[in-house]
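Trainee: File name my_file.pdb; file contents PDB, C-alpha atoms and all ligand atoms; full text below.
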```pdb
ATOM      1  CA  MET A 255      93.633  85.750  75.920
ATOM      2  CA  PHE A 256      93.038  84.808  79.530
ATOM      3  CA  LYS A 257      92.134  81.296  80.622
ATOM      4  CA  ARG A 258      90.384  80.896  83.930
ATOM      5  CA  TYR A 259      91.896  78.580  86.511
ATOM      6  CA  PHE A 260      89.659  75.495  86.615
ATOM      7  CA  LYS A 261      88.906  75.714  90.330
ATOM      8  CA  ASN A 262      87.864  79.346  90.450
ATOM      9  CA  PRO A 263      87.025  81.347  92.431
ATOM     10  CA  ILE A 264      90.347  80.876  94.209
ATOM     11  CA  ILE A 265      89.334  82.979  97.237
ATOM     12  CA  SER A 266      85.788  83.246  98.571
ATOM     13  CA  PRO A 267      84.331  84.948 101.644
ATOM     14  CA  LYS A 268      84.041  81.567 103.384
ATOM     15  CA  ASP A 269      87.843  81.135 103.120
ATOM     16  CA  ILE A 270      88.367  83.936 105.596
ATOM     17  CA  LEU A 271      88.270  82.303 108.995
ATOM     18  CA  SER A 272      89.170  84.541 111.870
ATOM     19  CA  SER A 273      88.032  85.402 115.348
ATOM     20  CA  HIS A 274      89.234  88.980 114.931
ATOM     21  CA  PRO A 275      86.180  91.115 115.855
ATOM     22  CA  GLU A 276      86.187  92.891 112.468
ATOM     23  CA  MET A 277      86.666  89.714 110.440
ATOM     24  CA  ILE A 278      83.819  87.509 111.583
ATOM     25  CA  ASP A 279      81.433  86.206 108.913
ATOM     26  CA  ILE A 280      82.749  88.505 106.228
ATOM     27  CA  SER A 281      80.633  89.475 103.197
ATOM     28  CA  SER A 282      83.111  89.817 100.361
ATOM     29  CA  VAL A 283      86.742  89.545  99.297
ATOM     30  CA  PHE A 284      87.856  91.071  95.993
ATOM     31  CA  ASN A 285      90.192  93.422  94.015
ATOM     32  CA  PRO A 286      93.539  92.158  95.390
ATOM     33  CA  GLY A 287      96.918  93.759  94.822
ATOM     34  CA  GLY A 288      99.559  91.145  93.960
ATOM     35  CA  ILE A 289     103.360  90.844  93.959
ATOM     36  CA  GLN A 290     106.133  88.247  94.011
ATOM     37  CA  PHE A 291     107.539  88.418  97.551
ATOM     38  CA  GLY A 292     110.613  86.162  97.908
ATOM     39  CA  ASN A 293     109.405  82.642  97.037
ATOM     40  CA  LYS A 294     105.779  83.522  97.680
ATOM     41  CA  ILE A 295     103.009  85.148  95.741
ATOM     42  CA  LEU A 296     101.547  87.752  98.055
ATOM     43  CA  LEU A 297      98.100  89.296  97.718
ATOM     44  CA  LEU A 298      96.569  92.173  99.643
ATOM     45  CA  LEU A 299      92.881  91.334  99.749
ATOM     46  CA  ARG A 300      90.084  93.852  99.941
ATOM     47  CA  VAL A 301      87.739  92.418 102.562
ATOM     48  CA  GLN A 302      84.349  93.762 103.626
ATOM     49  CA  ASN A 303      82.433  92.772 106.720
ATOM     50  CA  ARG A 304      78.721  93.168 107.440
ATOM     51  CA  GLY A 305      79.313  96.739 108.624
ATOM     52  CA  ARG A 306      80.678  97.369 105.125
ATOM     53  CA  ASP A 307      83.982  98.283 106.719
ATOM     54  CA  THR A 308      86.888  97.737 104.351
ATOM     55  CA  LEU A 309      89.907  95.811 105.620
ATOM     56  CA  ILE A 310      93.128  94.977 103.834
ATOM     57  CA  VAL A 311      94.247  91.425 104.591
ATOM     58  CA  ARG A 312      97.494  89.749 103.541
ATOM     59  CA  ALA A 313      97.472  86.328 101.878
ATOM     60  CA  THR A 314     100.495  84.313 100.725
ATOM     61  CA  SER A 315     100.957  81.253  98.551
ATOM     62  CA  ASP A 316     103.708  78.966  97.260
ATOM     63  CA  ASP A 317     101.879  78.006  94.072
ATOM     64  CA  GLY A 318      99.676  81.042  93.372
ATOM     65  CA  VAL A 319      96.558  78.963  93.893
ATOM     66  CA  HIS A 320      96.386  77.841  97.539
ATOM     67  CA  PHE A 321      96.576  80.861  99.814
ATOM     68  CA  SER A 322      97.187  81.142 103.503
ATOM     69  CA  ILE A 323      95.163  84.148 104.694
ATOM     70  CA  ASP A 324      96.117  86.215 107.752
ATOM     71  CA  ASN A 325      93.606  86.218 110.574
ATOM     72  CA  GLN A 326      93.857  89.930 111.184
ATOM     73  CA  PRO A 327      93.788  93.040 108.989
ATOM     74  CA  ILE A 328      97.030  94.729 107.998
ATOM     75  CA  LYS A 329      97.899  97.802 110.091
ATOM     76  CA  PHE A 330      98.487 101.252 108.677
ATOM     77  CA  SER A 331     100.905 103.703 110.281
ATOM     78  CA  GLY A 332     101.658 107.391 109.840
ATOM     79  CA  MET A 333      98.122 108.481 108.993
ATOM     80  CA  ASP A 334      97.584 110.694 112.038
ATOM     81  CA  ASN A 335      98.785 113.848 110.292
ATOM     82  CA  LEU A 336      96.389 113.499 107.376
ATOM     83  CA  ASP A 337      93.802 116.227 107.563
ATOM     84  CA  GLU A 338      90.920 114.054 106.293
ATOM     85  CA  THR A 339      88.490 111.520 107.682
ATOM     86  CA  VAL A 340      89.305 108.301 105.858
ATOM     87  CA  PHE A 341      86.349 105.917 105.549
ATOM     88  CA  HIS A 342      87.899 103.188 103.423
ATOM     89  CA  ILE A 343      91.254 102.251 101.946
ATOM     90  CA  TYR A 344      90.788  99.838  99.023
ATOM     91  CA  ASP A 345      91.842  98.420  95.647
ATOM     92  CA  PRO A 346      95.579  98.299  96.511
ATOM     93  CA  ARG A 347      98.082  98.050  93.661
ATOM     94  CA  ILE A 348     101.555  96.835  94.660
ATOM     95  CA  THR A 349     104.841  97.834  92.973
ATOM     96  CA  LYS A 350     108.401  96.922  93.929
ATOM     97  CA  ILE A 351     111.024  99.596  93.289
ATOM     98  CA  GLU A 352     114.493  98.391  94.196
ATOM     99  CA  ASN A 353     114.021  96.788  97.627
ATOM    100  CA  THR A 354     110.917  98.647  98.735
ATOM    101  CA  TYR A 355     107.335  97.675  98.122
ATOM    102  CA  PHE A 356     104.885 100.488  97.443
ATOM    103  CA  VAL A 357     101.131 100.265  97.643
ATOM    104  CA  MET A 358      98.879 102.783  95.943
ATOM    105  CA  ALA A 359      95.284 102.582  97.110
ATOM    106  CA  ALA A 360      92.012 104.434  96.822
ATOM    107  CA  MET A 361      90.941 106.289  99.966
ATOM    108  CA  ASP A 362      87.351 107.396 100.426
ATOM    109  CA  VAL A 363      87.231 110.703 102.298
ATOM    110  CA  VAL A 364      84.402 113.228 102.696
ATOM    111  CA  GLY A 365      82.901 113.899  99.259
ATOM    112  CA  LYS A 366      85.624 112.288  97.138
ATOM    113  CA  CYS A 367      88.246 109.630  96.689
ATOM    114  CA  LEU A 368      91.990 110.264  96.968
ATOM    115  CA  LEU A 369      94.999 108.141  96.083
ATOM    116  CA  GLY A 370      97.184 107.219  99.050
ATOM    117  CA  LEU A 371     100.736 105.957  98.725
ATOM    118  CA  PHE A 372     102.187 103.548 101.310
ATOM    119  CA  LYS A 373     105.469 101.686 101.649
ATOM    120  CA  THR A 374     106.649  98.530 103.336
ATOM    121  CA  GLU A 375     109.679  96.273 103.405
ATOM    122  CA  ASP A 376     107.881  93.138 104.611
ATOM    123  CA  PHE A 377     104.077  93.680 104.545
ATOM    124  CA  SER A 378     103.774  93.473 108.326
ATOM    125  CA  SER A 379     102.279  96.989 108.175
ATOM    126  CA  LEU A 380     101.896  99.771 105.620
ATOM    127  CA  GLU A 381     103.513 103.159 106.269
ATOM    128  CA  PHE A 382     101.610 106.108 104.818
ATOM    129  CA  LEU A 383     103.737 108.413 102.637
ATOM    130  CA  GLY A 384     101.013 110.837 101.579
ATOM    131  CA  ILE A 385      98.308 111.470  99.029
ATOM    132  CA  THR A 386      99.115 112.080  95.380
ATOM    133  CA  GLY A 387      96.920 115.185  95.160
ATOM    134  CA  GLU A 388      93.741 116.833  96.404
ATOM    135  CA  GLU A 389      91.580 115.952  93.428
ATOM    136  CA  ASP A 390      88.990 113.193  93.215
ATOM    137  CA  ASN A 391      90.980 110.297  91.755
ATOM    138  CA  ARG A 392      91.172 106.502  91.682
ATOM    139  CA  ASN A 393      92.979 103.546  90.061
ATOM    140  CA  GLY A 394      96.514 104.797  90.717
ATOM    141  CA  VAL A 395      99.431 102.524  89.782
ATOM    142  CA  LEU A 396     103.132 103.149  90.258
ATOM    143  CA  PHE A 397     105.649 102.073  87.586
ATOM    144  CA  PRO A 398     108.321  99.593  88.788
ATOM    145  CA  GLU A 399     111.172 101.950  87.842
ATOM    146  CA  LYS A 400     111.874 105.645  87.300
ATOM    147  CA  ILE A 401     111.200 106.980  83.822
ATOM    148  CA  ASN A 402     113.176 109.978  82.591
ATOM    149  CA  ARG A 403     114.696 110.088  86.100
ATOM    150  CA  LYS A 404     111.308 110.566  87.779
ATOM    151  CA  TYR A 405     108.893 108.266  89.587
ATOM    152  CA  ALA A 406     105.971 107.593  87.292
ATOM    153  CA  SER A 407     102.338 106.596  87.738
ATOM    154  CA  PHE A 408      99.025 106.309  85.994
ATOM    155  CA  ASP A 409      95.870 107.572  87.631
ATOM    156  CA  ARG A 410      92.259 108.053  86.661
ATOM    157  CA  PRO A 411      90.617 111.321  87.762
ATOM    158  CA  ASN A 412      86.982 110.842  88.774
ATOM    159  CA  LYS A 413      84.771 113.087  86.724
ATOM    160  CA  SER A 414      81.475 111.851  85.418
ATOM    161  CA  LEU A 415      78.921 111.124  88.085
ATOM    162  CA  VAL A 416      76.722 108.123  87.432
ATOM    163  CA  GLU A 417      73.212 107.994  88.883
ATOM    164  CA  SER A 418      74.114 105.903  91.901
ATOM    165  CA  GLY A 419      76.334 108.707  93.199
ATOM    166  CA  VAL A 420      79.462 106.674  92.461
ATOM    167  CA  THR A 421      82.130 108.721  90.750
ATOM    168  CA  THR A 422      83.984 107.257  87.815
ATOM    169  CA  GLY A 423      86.061 108.511  84.907
ATOM    170  CA  ASN A 424      86.977 107.990  81.300
ATOM    171  CA  ALA A 425      90.621 109.075  81.052
ATOM    172  CA  ILE A 426      93.932 107.651  82.278
ATOM    173  CA  TRP A 427      96.670 110.207  82.970
ATOM    174  CA  TYR A 428     100.432 109.897  83.329
ATOM    175  CA  SER A 429     101.878 111.641  86.387
ATOM    176  CA  GLU A 430     105.432 112.052  87.622
ATOM    177  CA  SER A 431     107.215 112.915  90.829
ATOM    178  CA  ASP A 432     110.739 113.611  92.092
ATOM    179  CA  ASP A 433     110.139 112.425  95.628
ATOM    180  CA  LEU A 434     106.911 110.323  95.616
ATOM    181  CA  LYS A 435     105.263 113.141  97.577
ATOM    182  CA  LYS A 436     104.444 115.882  95.113
ATOM    183  CA  TRP A 437     102.916 114.571  91.893
ATOM    184  CA  ASP A 438     102.356 116.447  88.630
ATOM    185  CA  SER A 439      99.791 115.348  86.104
ATOM    186  CA  LYS A 440     101.750 115.428  82.866
ATOM    187  CA  GLU A 441     100.044 113.745  79.915
ATOM    188  CA  LEU A 442      96.718 112.251  78.914
ATOM    189  CA  VAL A 443      97.321 108.587  78.035
ATOM    190  CA  MET A 444      93.985 107.344  76.763
ATOM    191  CA  GLU A 445      90.260 107.875  76.965
ATOM    192  CA  GLY A 446      87.182 105.683  76.992
ATOM    193  CA  ARG A 447      85.609 104.633  73.696
ATOM    194  CA  LEU A 448      81.965 105.623  73.704
ATOM    195  CA  HIS A 449      79.537 102.881  72.631
ATOM    196  CA  TYR A 450      82.108 100.088  73.003
ATOM    197  CA  TRP A 451      83.317  97.823  75.796
ATOM    198  CA  ASP A 452      85.537 100.439  77.465
ATOM    199  CA  GLU A 453      83.492 103.640  77.716
ATOM    200  CA  ASN A 454      84.909 104.407  81.157
ATOM    201  CA  ILE A 455      88.387 103.153  82.003
ATOM    202  CA  GLY A 456      91.034 102.855  84.714
ATOM    203  CA  ALA A 457      94.441 101.215  85.113
ATOM    204  CA  GLY A 458      94.480  97.633  86.316
ATOM    205  CA  PRO A 459      97.669  96.242  87.881
ATOM    206  CA  PRO A 460     100.945  98.216  87.479
ATOM    207  CA  PRO A 461     102.353  98.143  83.911
ATOM    208  CA  ILE A 462     104.787  95.377  82.891
ATOM    209  CA  LYS A 463     108.002  96.186  81.013
ATOM    210  CA  THR A 464     108.426  94.125  77.833
ATOM    211  CA  HIS A 465     110.784  94.503  74.880
ATOM    212  CA  LYS A 466     107.799  95.736  72.834
ATOM    213  CA  GLY A 467     106.736  98.426  75.301
ATOM    214  CA  TRP A 468     104.908  98.806  78.621
ATOM    215  CA  LEU A 469     102.046  96.341  78.690
ATOM    216  CA  MET A 470      99.073  97.343  80.786
ATOM    217  CA  VAL A 471      95.946  95.441  81.666
ATOM    218  CA  TYR A 472      93.198  97.976  82.314
ATOM    219  CA  HIS A 473      89.523  97.813  83.156
ATOM    220  CA  GLY A 474      86.825  99.154  80.912
ATOM    221  CA  ILE A 475      83.175  99.674  81.699
ATOM    222  CA  ALA A 476      80.366  99.408  79.175
ATOM    223  CA  MET A 477      77.871 101.883  80.615
ATOM    224  CA  HIS A 478      74.760  99.889  79.846
ATOM    225  CA  TYR A 479      71.607 100.075  81.930
ATOM    226  CA  GLN A 480      73.665  97.871  84.220
ATOM    227  CA  PRO A 481      77.426  98.600  83.889
ATOM    228  CA  ILE A 482      79.653  95.708  82.723
ATOM    229  CA  TYR A 483      83.261  95.739  84.002
ATOM    230  CA  GLN A 484      85.806  93.974  81.774
ATOM    231  CA  ALA A 485      89.599  93.770  81.317
ATOM    232  CA  GLY A 486      91.560  94.794  78.228
ATOM    233  CA  VAL A 487      95.160  95.447  77.184
ATOM    234  CA  VAL A 488      97.215  98.306  75.788
ATOM    235  CA  LEU A 489     100.879  98.613  74.762
ATOM    236  CA  LEU A 490     102.678 101.872  75.558
ATOM    237  CA  ASP A 491     105.974 103.427  74.539
ATOM    238  CA  LEU A 492     108.900 102.476  76.803
ATOM    239  CA  ASP A 493     110.413 105.979  77.089
ATOM    240  CA  GLU A 494     107.215 107.977  76.826
ATOM    241  CA  PRO A 495     104.562 105.734  78.381
ATOM    242  CA  TRP A 496     101.787 108.253  77.702
ATOM    243  CA  LYS A 497     102.113 107.326  74.010
ATOM    244  CA  VAL A 498      99.885 104.432  72.993
ATOM    245  CA  ILE A 499     101.539 102.009  70.552
ATOM    246  CA  SER A 500      98.437  99.907  70.150
ATOM    247  CA  ARG A 501      95.247  99.215  72.102
ATOM    248  CA  GLY A 502      93.251  96.016  71.855
ATOM    249  CA  ARG A 503      89.889  96.227  70.201
ATOM    250  CA  TYR A 504      88.301  93.447  72.254
ATOM    251  CA  ASN A 505      88.273  92.829  75.967
ATOM    252  CA  VAL A 506      90.457  89.923  77.123
ATOM    253  CA  LEU A 507      88.289  88.958  80.111
ATOM    254  CA  GLU A 508      84.619  89.629  80.764
ATOM    255  CA  PRO A 509      82.046  88.405  83.266
ATOM    256  CA  ARG A 510      80.821  85.000  82.092
ATOM    257  CA  GLU A 511      80.934  82.677  85.094
ATOM    258  CA  MET A 512      78.066  82.804  87.560
ATOM    259  CA  TRP A 513      80.305  84.143  90.375
ATOM    260  CA  GLU A 514      81.449  86.986  88.073
ATOM    261  CA  MET A 515      77.913  87.872  87.073
ATOM    262  CA  VAL A 516      76.248  87.551  90.475
ATOM    263  CA  GLY A 517      77.346  89.129  93.744
ATOM    264  CA  GLN A 518      77.155  92.426  95.583
ATOM    265  CA  VAL A 519      77.883  94.274  92.315
ATOM    266  CA  PRO A 520      76.843  92.153  89.303
ATOM    267  CA  ASN A 521      78.815  91.731  86.064
ATOM    268  CA  VAL A 522      82.249  92.775  87.298
ATOM    269  CA  VAL A 523      85.722  91.476  86.576
ATOM    270  CA  PHE A 524      88.170  93.981  88.031
ATOM    271  CA  PRO A 525      91.900  93.244  87.387
ATOM    272  CA  THR A 526      94.250  94.443  90.138
ATOM    273  CA  GLY A 527      97.045  91.895  90.746
ATOM    274  CA  LEU A 528      99.438  90.523  88.168
ATOM    275  CA  ILE A 529     102.412  88.191  88.567
ATOM    276  CA  VAL A 530     104.932  87.336  85.850
ATOM    277  CA  ASP A 531     107.294  84.340  85.827
ATOM    278  CA  SER A 532     110.586  86.082  85.311
ATOM    279  CA  VAL A 533     112.062  89.538  85.025
ATOM    280  CA  ASP A 534     115.652  90.070  83.832
ATOM    281  CA  ASP A 535     118.255  92.382  85.400
ATOM    282  CA  ASN A 536     117.009  95.326  83.342
ATOM    283  CA  GLY A 537     113.410  94.817  84.436
ATOM    284  CA  PHE A 538     112.199  93.265  81.169
ATOM    285  CA  THR A 539     109.752  90.394  81.177
ATOM    286  CA  ASN A 540     110.314  87.690  78.600
ATOM    287  CA  SER A 541     107.617  87.305  75.948
ATOM    288  CA  SER A 542     107.135  83.618  76.817
ATOM    289  CA  SER A 543     106.576  84.411  80.500
ATOM    290  CA  GLU A 544     103.314  83.199  81.989
ATOM    291  CA  ILE A 545     101.068  85.775  83.585
ATOM    292  CA  LYS A 546      98.822  85.180  86.550
ATOM    293  CA  LEU A 547      96.039  87.716  86.830
ATOM    294  CA  TYR A 548      94.145  88.058  90.103
ATOM    295  CA  TYR A 549      90.868  89.883  89.809
ATOM    296  CA  GLY A 550      87.799  90.817  91.761
ATOM    297  CA  ALA A 551      84.579  89.165  90.589
ATOM    298  CA  ALA A 552      81.201  90.801  91.232
ATOM    299  CA  ASP A 553      82.836  92.606  94.193
ATOM    300  CA  THR A 554      82.475  89.331  96.117
ATOM    301  CA  HIS A 555      85.118  86.758  95.050
ATOM    302  CA  ILE A 556      88.669  86.560  93.697
ATOM    303  CA  GLY A 557      89.409  84.780  90.427
ATOM    304  CA  LEU A 558      92.665  83.706  88.799
ATOM    305  CA  ALA A 559      93.225  83.707  85.045
ATOM    306  CA  THR A 560      96.430  82.981  83.131
ATOM    307  CA  SER A 561      97.959  84.041  79.840
ATOM    308  CA  THR A 562     101.413  84.829  78.455
ATOM    309  CA  ILE A 563     103.090  88.143  77.684
ATOM    310  CA  GLN A 564     103.126  87.239  73.984
ATOM    311  CA  GLU A 565      99.384  86.473  73.895
ATOM    312  CA  LEU A 566      98.567  89.768  75.565
ATOM    313  CA  ILE A 567     100.874  91.749  73.282
ATOM    314  CA  ASP A 568      99.139  90.109  70.314
ATOM    315  CA  ALA A 569      95.773  91.092  71.812
ATOM    316  CA  CYS A 570      96.867  94.758  71.779
ATOM    317  CA  PHE A 571      96.819  94.752  67.981
ATOM    318  CA  PRO A 572      93.526  94.742  66.102
TER     319      PRO A 572
HETATM  320  C1  LIG B 601      84.740 100.731  90.782
HETATM  321  C2  LIG B 601      85.567 100.598  92.032
HETATM  322  C3  LIG B 601      85.909  99.155  92.296
HETATM  323  C4  LIG B 601      84.727  98.237  92.159
HETATM  324  C5  LIG B 601      83.991  98.514  90.872
HETATM  325  C6  LIG B 601      82.723  97.689  90.697
HETATM  326  O1  LIG B 601      84.291 102.025  90.604
HETATM  327  O2  LIG B 601      84.857 101.091  93.130
HETATM  328  O3  LIG B 601      86.416  99.062  93.595
HETATM  329  O4  LIG B 601      85.154  96.900  92.161
HETATM  330  O5  LIG B 601      83.631  99.880  90.830
HETATM  331  O6  LIG B 601      81.806  97.934  91.727
END
```
For this file, produce the structure as structure tokens.
Mentor:
Amino acid sequence: MFKRYFKNPIISPKDILSSHPEMIDISSVFNPGGIQFGNKILLLLRVQNRGRDTLIVRATSDDGVHFSIDNQPIKFSGMDNLDETVFHIYDPRITKIENTYFVMAAMDVVGKCLLGLFKTEDFSSLEFLGITGEEDNRNGVLFPEKINRKYASFDRPNKSLVESGVTTGNAIWYSESDDLKKWDSKELVMEGRLHYWDENIGAGPPPIKTHKGWLMVYHGIAMHYQPIYQAGVVLLDLDEPWKVISRGRYNVLEPREMWEMVGQVPNVVFPTGLIVDSVDDNGFTNSSSEIKLYYGAADTHIGLATSTIQELIDACFP
């Protein structure tokens, strides 16, 4: 299971010190994408100011605990041709394929949310490649390698409408693409389990390749009077990742600390960034590898929790 770092939260709104006009006295920092970038652990933070603008801010660290946070938001390029008004770009998930880093992020446009795909070599800016489709969708993650000679991703179409007007969904789909531009929804991967911890679901960080299968941390929402966001694990077939080998019965992280239970959205742990110790030449992570999970807490702070590949694989089996 996950163990929280003893000095959590590792990033708080007060850690963002900047004189940039959009980054003064910020309200929240949460749901970071994460990746190993050279010797550093790099996070893309979701930052909100008092105008409830969303900014993406880069943070880097040598030890995964002490972060140096940029004093300006990351710049996006290539978005001028998009025929939509984009209000917010958020919840980035980062994947490295060969020498390019890709970021899949939610984009709020008029009446719905789309998934945008961006690329970068060095995180100085993010170049927009396009949207994955026209449908209301969120929680998109790109696999770190091609599967069956195609780029592969999970996404989570937004369907059910909860009272607040927020759209959510209860099914993760597998999609594939030849060129990263045109995506086809291919297979249903898994659905929410009514009455249990994961009634609505969405992918967390990008899946990790292990010798036992693709390991994915996902988020599940118990749709109580007040929704509870938790993290769980599932193991998927290596060649056909839409096939579930085994799915954990219990969550592996749930809101328990005060800063996870209290904030702008209460009772939320939202896993988005995951770093493993070592990956071999074929992309496999060793079962003894430590995992660092970076997650949003109550849509206000960032927490760090650790585990190992083996512990999480074990947690996939009832
Ligand atoms: C989800 C997403 C996340 C957010 C979570 C809890 O639907 O919007 O960005 O962290 O709700 O508010």
Trainee: Produce as a ChimeraX atom specification the set of residues near ligand LIG 601 (chain B), where near means within 10 Å with all atoms listed in the file considered.
Mentor: /A:284-285,300,344-346,360,362,367,392-393,412,420-423,454-456,473,475,481-483,518-526,549-554
Trainee: List the spatial neighbours of Pro572 (chain A) as an MDAnalysis selection string - criterion: any atom at most 9 Å away, only C-alpha atoms, same-chain residues fewer than 6 positions off excluded.
Mentor: chainID A and resid 500:504
Trainee: Quick one: distance from CA of Asn293 (chain A) to CA of His320 (chain A) in Å, one decimal?
Mentor: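 Between these atoms lies a distance of 13.9 Å.
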Trainee: Between CA of Ser266 (chain A) and CA of Gly305 (chain A), what distance in Å does the model show, to one decimal?
Mentor: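 Atom-to-atom, CA of Ser266 (chain A) and CA of Gly305 (chain A) are spaced 18.0 Å apart.
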Trainee: Nearest residue to Lys404 (chain A) out of A:Ser322, A:Asp493, A:Gly387, A:Ala457, using only C-alpha atoms?
Mentor: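 Comparing A:Ser322, A:Asp493, A:Gly387, A:Ala457 against Lys404 (chain A), the winner is A:Asp493.
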Trainee: Using all atoms listed in the file, list the residues that have an atom at most 9 Å from (86.2, 108.8, 108.4), coordinates as in the file, as a ChimeraX atom specification.
Mentor: /A:338-342,362-364
Trainee: Rounded to one decimal in Å, what is the spacing between CA of Arg258 (chain A) and CA of Gly557 (chain A)?
Mentor: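 CA of Gly557 (chain A) lies 7.6 Å from CA of Arg258 (chain A).
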Trainee: Ranking A:Met358, A:Leu336, A:Ile545, A:Ala485 by minimum distance to Ile563 (chain A) and counting all atoms listed in the file, which one comes first?
Mentor: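 Of A:Met358, A:Leu336, A:Ile545, A:Ala485, the one nearest Ile563 (chain A), counting all atoms listed in the file, is A:Ile545.
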Trainee: From the options A:Val301, A:Glu352, A:Tyr405, A:His449, which residue's atoms come nearest to Leu434 (chain A), counting only C-alpha atoms?
Mentor: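 Of A:Val301, A:Glu352, A:Tyr405, A:His449, the one nearest Leu434 (chain A) is A:Tyr405, counting only C-alpha atoms.
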Trainee: Written as a PyMOL selection string, which residues does the PyMOL selection byres (((chain A and resi 499) around 9) and not hetatm) give for the file shown?
Mentor: chain A and resi 467+488-491+497-498+500-501+570
Trainee: Using only C-alpha atoms, pick whichever of A:Leu448, A:Val311, A:Val487, A:Ala476 has the shortest atom-to-atom distance to Leu566 (chain A).
Mentor: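 Smallest separation from Leu566 (chain A) among the options: A:Val487.
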Trainee: For Asp334 (chain A), which residue out of A:Leu297, A:Gly517, A:Thr349, A:Leu383 is the nearest one, using only C-alpha atoms?
Mentor: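 Checking each candidate against Asp334 (chain A), we get A:Leu383 as the closest.
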Trainee: I would like the residues chosen by the PyMOL selection byres (((chain A and resi 267) around 10) and not hetatm) on the shown file; could you give them as a list in words?
Mentor: Ile265, Ser266, Lys268, Asp269, Ile270, Leu271, Asp279, Ile280, Ser281, Ser282, Val283, Phe284, Val301, Gln302, Asn303, Thr554, His555 and Ile556 of chain A
Trainee: Which is closer to Val506 (chain A) than all the others in A:Leu528, A:Met277, A:Met477, A:Ala569, using all atoms listed in the file?
Mentor: A:Ala569
Trainee: Do a neighbour search on Gly486 (chain A) at 6 Å with only C-alpha atoms, toss out local chain neighbours closer than 4 positions, and write the hits as a list in words.
Mentor: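 Skipping anything fewer than 4 positions along the chain leaves Val471, Tyr472, Asn505 and Val506 of chain A.
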